[in-house]
>>> print(open('run27.pdb').read())   # PDB, C-alpha atoms
ATOM      1  CA  MET A 184     -19.363   1.501  36.141
ATOM      2  CA  ARG A 185     -18.548   3.220  32.876
ATOM      3  CA  GLN A 186     -18.095   6.547  34.743
ATOM      4  CA  ILE A 187     -15.703   4.929  37.220
ATOM      5  CA  LEU A 188     -13.605   3.472  34.411
ATOM      6  CA  ALA A 189     -13.591   6.824  32.598
ATOM      7  CA  ALA A 190     -12.452   8.584  35.777
ATOM      8  CA  LEU A 191      -9.702   6.007  36.287
ATOM      9  CA  ALA A 192      -8.516   6.491  32.721
ATOM     10  CA  LEU A 193      -8.435  10.288  33.173
ATOM     11  CA  LEU A 194      -6.525   9.909  36.437
ATOM     12  CA  ALA A 195      -3.986   7.628  34.793
ATOM     13  CA  LEU A 196      -3.405  10.168  32.009
ATOM     14  CA  ALA A 197      -3.168  13.115  34.423
ATOM     15  CA  SER A 198      -1.007  11.357  37.010
ATOM     16  CA  PRO A 199       2.742  11.772  37.227
ATOM     17  CA  ALA A 200       4.692   8.663  36.321
ATOM     18  CA  GLY A 201       5.048   6.348  39.278
ATOM     19  CA  ALA A 202       2.302   8.049  41.313
ATOM     20  CA  GLN A 203       0.626   5.733  43.784
ATOM     21  CA  THR A 204      -3.098   5.184  43.348
ATOM     22  CA  LEU A 205      -5.291   3.954  46.193
ATOM     23  CA  SER A 206      -8.912   2.984  45.775
ATOM     24  CA  GLY A 207     -11.724   1.597  47.869
ATOM     25  CA  LEU A 208     -14.346   2.768  50.308
ATOM     26  CA  ALA A 209     -13.117   5.808  52.188
ATOM     27  CA  ARG A 210     -13.583   6.839  55.785
ATOM     28  CA  VAL A 211     -13.707  10.613  56.261
ATOM     29  CA  VAL A 212     -11.157  11.963  58.743
ATOM     30  CA  ASP A 213     -12.101  15.650  58.421
ATOM     31  CA  GLY A 214     -13.110  18.106  55.701
ATOM     32  CA  ASP A 215      -9.919  17.603  53.693
ATOM     33  CA  GLY A 216      -8.848  14.116  54.680
ATOM     34  CA  VAL A 217      -9.928  10.542  54.069
ATOM     35  CA  SER A 218      -8.570   7.132  54.896
ATOM     36  CA  ILE A 219      -8.559   4.195  52.481
ATOM     37  CA  GLY A 220      -7.414   0.824  53.730
ATOM     38  CA  GLY A 221      -5.908   2.425  56.816
ATOM     39  CA  VAL A 222      -3.866   4.962  54.801
ATOM     40  CA  SER A 223      -4.572   8.603  55.738
ATOM     41  CA  ILE A 224      -4.830  10.796  52.647
ATOM     42  CA  ARG A 225      -4.953  14.582  52.476
ATOM     43  CA  LEU A 226      -6.978  16.063  49.619
ATOM     44  CA  TRP A 227      -4.908  17.974  47.073
ATOM     45  CA  GLY A 228      -5.118  21.741  46.740
ATOM     46  CA  ILE A 229      -7.564  22.574  49.535
ATOM     47  CA  ASP A 230      -7.670  23.422  53.219
ATOM     48  CA  ALA A 231     -10.856  22.802  55.221
ATOM     49  CA  PRO A 232     -11.747  24.094  58.669
ATOM     50  CA  GLU A 233     -10.497  22.016  61.571
ATOM     51  CA  LEU A 234     -13.087  19.673  63.102
ATOM     52  CA  ARG A 235     -13.503  21.894  66.164
ATOM     53  CA  GLN A 236     -13.436  25.139  64.208
ATOM     54  CA  GLU A 237     -16.493  27.378  64.329
ATOM     55  CA  CYS A 238     -17.762  29.994  61.879
ATOM     56  CA  VAL A 239     -20.659  32.462  61.834
ATOM     57  CA  ARG A 240     -23.749  32.259  59.644
ATOM     58  CA  GLY A 241     -26.816  34.463  60.041
ATOM     59  CA  GLY A 242     -25.294  35.923  63.194
ATOM     60  CA  GLU A 243     -25.100  32.466  64.791
ATOM     61  CA  VAL A 244     -21.967  30.452  65.563
ATOM     62  CA  TYR A 245     -21.953  26.992  63.981
ATOM     63  CA  ALA A 246     -19.537  24.078  63.725
ATOM     64  CA  CYS A 247     -18.165  24.678  60.231
ATOM     65  CA  GLY A 248     -15.396  22.096  60.682
ATOM     66  CA  ARG A 249     -17.940  19.384  61.488
ATOM     67  CA  GLU A 250     -20.196  20.582  58.636
ATOM     68  CA  SER A 251     -17.266  20.316  56.221
ATOM     69  CA  ALA A 252     -16.515  16.746  57.308
ATOM     70  CA  ASP A 253     -20.216  15.843  57.069
ATOM     71  CA  HIS A 254     -20.382  17.179  53.512
ATOM     72  CA  LEU A 255     -17.351  15.118  52.496
ATOM     73  CA  THR A 256     -18.962  12.056  54.126
ATOM     74  CA  ARG A 257     -22.054  12.516  51.957
ATOM     75  CA  LEU A 258     -19.841  12.755  48.855
ATOM     76  CA  VAL A 259     -18.028   9.461  49.512
ATOM     77  CA  GLU A 260     -20.662   7.428  51.354
ATOM     78  CA  GLY A 261     -21.039   3.998  49.758
ATOM     79  CA  ARG A 262     -19.042   5.001  46.670
ATOM     80  CA  PRO A 263     -15.651   3.721  45.589
ATOM     81  CA  VAL A 264     -13.032   6.455  45.955
ATOM     82  CA  VAL A 265      -9.919   6.634  43.782
ATOM     83  CA  CYS A 266      -6.976   8.744  44.969
ATOM     84  CA  THR A 267      -3.820   9.442  42.996
ATOM     85  CA  GLN A 268      -0.914  10.783  44.994
ATOM     86  CA  LEU A 269       0.600  14.062  43.821
ATOM     87  CA  ASP A 270       2.810  14.841  46.816
ATOM     88  CA  ARG A 271       3.469  14.036  50.482
ATOM     89  CA  ASP A 272       2.805  16.376  53.389
ATOM     90  CA  ARG A 273       5.282  17.096  56.175
ATOM     91  CA  HIS A 274       3.861  14.157  58.140
ATOM     92  CA  GLY A 275       4.536  11.755  55.266
ATOM     93  CA  ARG A 276       0.860  11.370  54.311
ATOM     94  CA  PRO A 277       0.021  11.176  50.629
ATOM     95  CA  VAL A 278      -1.537  14.361  49.262
ATOM     96  CA  SER A 279      -3.832  13.144  46.516
ATOM     97  CA  ARG A 280      -6.412  14.058  43.941
ATOM     98  CA  CYS A 281      -9.435  11.959  44.903
ATOM     99  CA  TRP A 282     -12.588  11.094  43.001
ATOM    100  CA  ALA A 283     -15.861   9.460  44.037
ATOM    101  CA  ARG A 284     -17.451   8.372  40.777
ATOM    102  CA  ASP A 285     -17.027  11.435  38.566
ATOM    103  CA  VAL A 286     -16.757  13.955  41.438
ATOM    104  CA  ASP A 287     -13.423  15.602  42.222
ATOM    105  CA  LEU A 288     -13.689  15.712  46.029
ATOM    106  CA  SER A 289     -11.470  18.791  46.411
ATOM    107  CA  ALA A 290     -13.477  20.737  43.832
ATOM    108  CA  ALA A 291     -16.771  19.701  45.439
ATOM    109  CA  GLN A 292     -15.630  20.739  48.935
ATOM    110  CA  VAL A 293     -14.458  24.161  47.754
ATOM    111  CA  GLU A 294     -17.470  24.779  45.485
ATOM    112  CA  ALA A 295     -19.822  24.033  48.397
ATOM    113  CA  GLY A 296     -17.927  26.506  50.609
ATOM    114  CA  HIS A 297     -16.661  23.768  52.949
ATOM    115  CA  ALA A 298     -12.970  24.304  52.126
ATOM    116  CA  LEU A 299     -10.716  26.973  50.657
ATOM    117  CA  ALA A 300      -8.343  26.762  47.729
ATOM    118  CA  PHE A 301      -4.930  26.234  49.327
ATOM    119  CA  ARG A 302      -3.106  28.714  47.097
ATOM    120  CA  ARG A 303       0.234  28.042  48.759
ATOM    121  CA  TYR A 304       0.234  24.669  46.975
ATOM    122  CA  SER A 305      -2.109  25.084  43.996
ATOM    123  CA  GLU A 306      -4.402  27.625  42.362
ATOM    124  CA  GLU A 307      -6.441  24.918  40.647
ATOM    125  CA  TYR A 308      -9.483  25.393  42.887
ATOM    126  CA  VAL A 309      -9.521  29.209  42.957
ATOM    127  CA  PRO A 310     -12.376  29.385  40.388
ATOM    128  CA  HIS A 311     -14.415  27.016  42.587
ATOM    129  CA  GLU A 312     -13.733  29.254  45.590
ATOM    130  CA  ASP A 313     -14.762  32.337  43.612
ATOM    131  CA  ARG A 314     -18.107  30.687  42.769
ATOM    132  CA  ALA A 315     -18.661  29.642  46.411
ATOM    133  CA  ARG A 316     -17.893  33.171  47.630
ATOM    134  CA  ALA A 317     -20.269  34.709  45.058
ATOM    135  CA  ALA A 318     -23.025  32.272  46.110
ATOM    136  CA  ARG A 319     -22.260  32.839  49.824
ATOM    137  CA  ALA A 320     -22.056  29.052  50.135
ATOM    138  CA  GLY A 321     -20.893  27.296  53.287
ATOM    139  CA  MET A 322     -18.305  29.335  55.177
ATOM    140  CA  TRP A 323     -18.835  32.270  52.816
ATOM    141  CA  ALA A 324     -22.270  32.890  54.392
ATOM    142  CA  GLY A 325     -20.588  34.867  57.162
ATOM    143  CA  PRO A 326     -17.277  35.716  58.809
ATOM    144  CA  PHE A 327     -14.730  32.946  59.307
ATOM    145  CA  VAL A 328     -11.044  32.460  59.980
ATOM    146  CA  ALA A 329      -9.065  30.712  57.239
ATOM    147  CA  PRO A 330      -8.057  27.217  58.420
ATOM    148  CA  TRP A 331      -4.320  27.998  58.192
ATOM    149  CA  GLU A 332      -4.829  31.119  60.347
ATOM    150  CA  TYR A 333      -6.938  29.145  62.829
ATOM    151  CA  ARG A 334      -4.141  26.561  63.217
ATOM    152  CA  ALA A 335      -1.476  29.249  63.503
ATOM    153  CA  ALA A 336      -3.377  30.782  66.439
ATOM    154  CA  ARG A 337      -3.535  27.354  68.150
ATOM    155  CA  PRO A 338      -0.040  25.850  68.170
ATOM    156  CA  THR A 339      -1.395  22.505  69.403
ATOM    157  CA  ALA A 340      -3.720  22.090  66.383
ATOM    158  CA  PRO A 341      -2.481  19.642  63.733
ATOM    159  CA  ARG A 342      -0.904  21.232  60.684
ATOM    160  CA  PRO A 343      -1.042  20.102  57.045
TER     161      PRO A 343
END
>>> encode(input="run27.pdb", output="structure tokens")
Amino acid sequence: MRQILAALALLALASPAGAQTLSGLARVVDGDGVSIGGVSIRLWGIDAPELRQECVRGGEVYACGRESADHLTRLVEGRPVVCTQLDRDRHGRPVSRCWARDVDLSAAQVEAGHALAFRRYSEEYVPHEDRARAARAGMWAGPFVAPWEYRAARPTAPRP
């Protein structure tokens, strides 16, 4: 409980004035999205593979989009999640920094190689991406298409 309160205090200090904070048990939508209380939230500063996106590891094709969502599910499962809105996406969804206990969900997804730093919006998670690439973690274990390039090649895919 002490860790949750400490995380909340840090979020309050780091949050822009008037930023909306949502908390509760989260349902994972995909590798960079959760829902709390029926509100869809996009994780700040990252872009994860689409649910149907595939990558290559060890010469074999695998469902990296599903793996990314599964990893995020393990991070939030049974834990209270606190999200502080930093922006809104073009669909009006809050784009938020989210924590489960003392874990920054965006940092954890990128560090595990299940998402990329979304440099167009923030360079905050670039060091996490560098570590994942060096460790050949997640998507970095083989060739993959960046999520934004994957969506661009499929005009019907949802966009951030």
>>> resolve_selection(input="run27.pdb", expression="the PyMOL selection byres ((chain A and resi 240) around 8)", output="PyMOL selection string")
chain A and resi 238-239+241-245+322+324-326
>>> write_last_selection(input="run27.pdb", atoms="C-alpha atoms", output="CSV table (one decimal), keeping the file's coordinate frame")
chain,number,residue,atom,x,y,z
A,238,CYS,CA,-17.8,30.0,61.9
A,239,VAL,CA,-20.7,32.5,61.8
A,241,GLY,CA,-26.8,34.5,60.0
A,242,GLY,CA,-25.3,35.9,63.2
A,243,GLU,CA,-25.1,32.5,64.8
A,244,VAL,CA,-22.0,30.5,65.6
A,245,TYR,CA,-22.0,27.0,64.0
A,322,MET,CA,-18.3,29.3,55.2
A,324,ALA,CA,-22.3,32.9,54.4
A,325,GLY,CA,-20.6,34.9,57.2
A,326,PRO,CA,-17.3,35.7,58.8
>>> residues_near_point(input="run27.pdb", point="(-6.0, 22.5, 48.1)", cutoff="8 Å", atoms="all atoms listed in the file", output="ChimeraX atom specification")
/A:226-230,289,299-302,304-308
>>> atom_distance(input="run27.pdb", atom1="CA of Arg334 in chain A", atom2="CA of Arg271 in chain A")
19.4 Å
>>> residues_around(input="run27.pdb", residues="Ala290 in chain A", least_positions_apart="4", cutoff="8 Å", atoms="only C-alpha atoms", output="PyMOL selection string")
chain A and resi 286+294+308+311
>>> resolve_selection(input="run27.pdb", expression="the PyMOL selection byres ((chain A and resi 213-219) around 10)", output="count of residues only")
49
>>> atom_distance(input="run27.pdb", atom1="CA of Ala295 in chain A", atom2="CA of Asp313 in chain A")
10.8 Å
>>> atom_distance(input="run27.pdb", atom1="CA of Arg280 in chain A", atom2="CA of Leu258 in chain A")
14.4 Å
>>> closest_residue(input="run27.pdb", among="A:Asp270, A:Arg276, A:Arg284, A:Gln236", to="Val328 in chain A", atoms="only C-alpha atoms")
A:Gln236
>>> closest_residue(input="run27.pdb", among="A:Ala291, A:Ala335, A:Gly296, A:Pro277", to="Arg316 in chain A", atoms="all atoms listed in the file")
A:Gly296
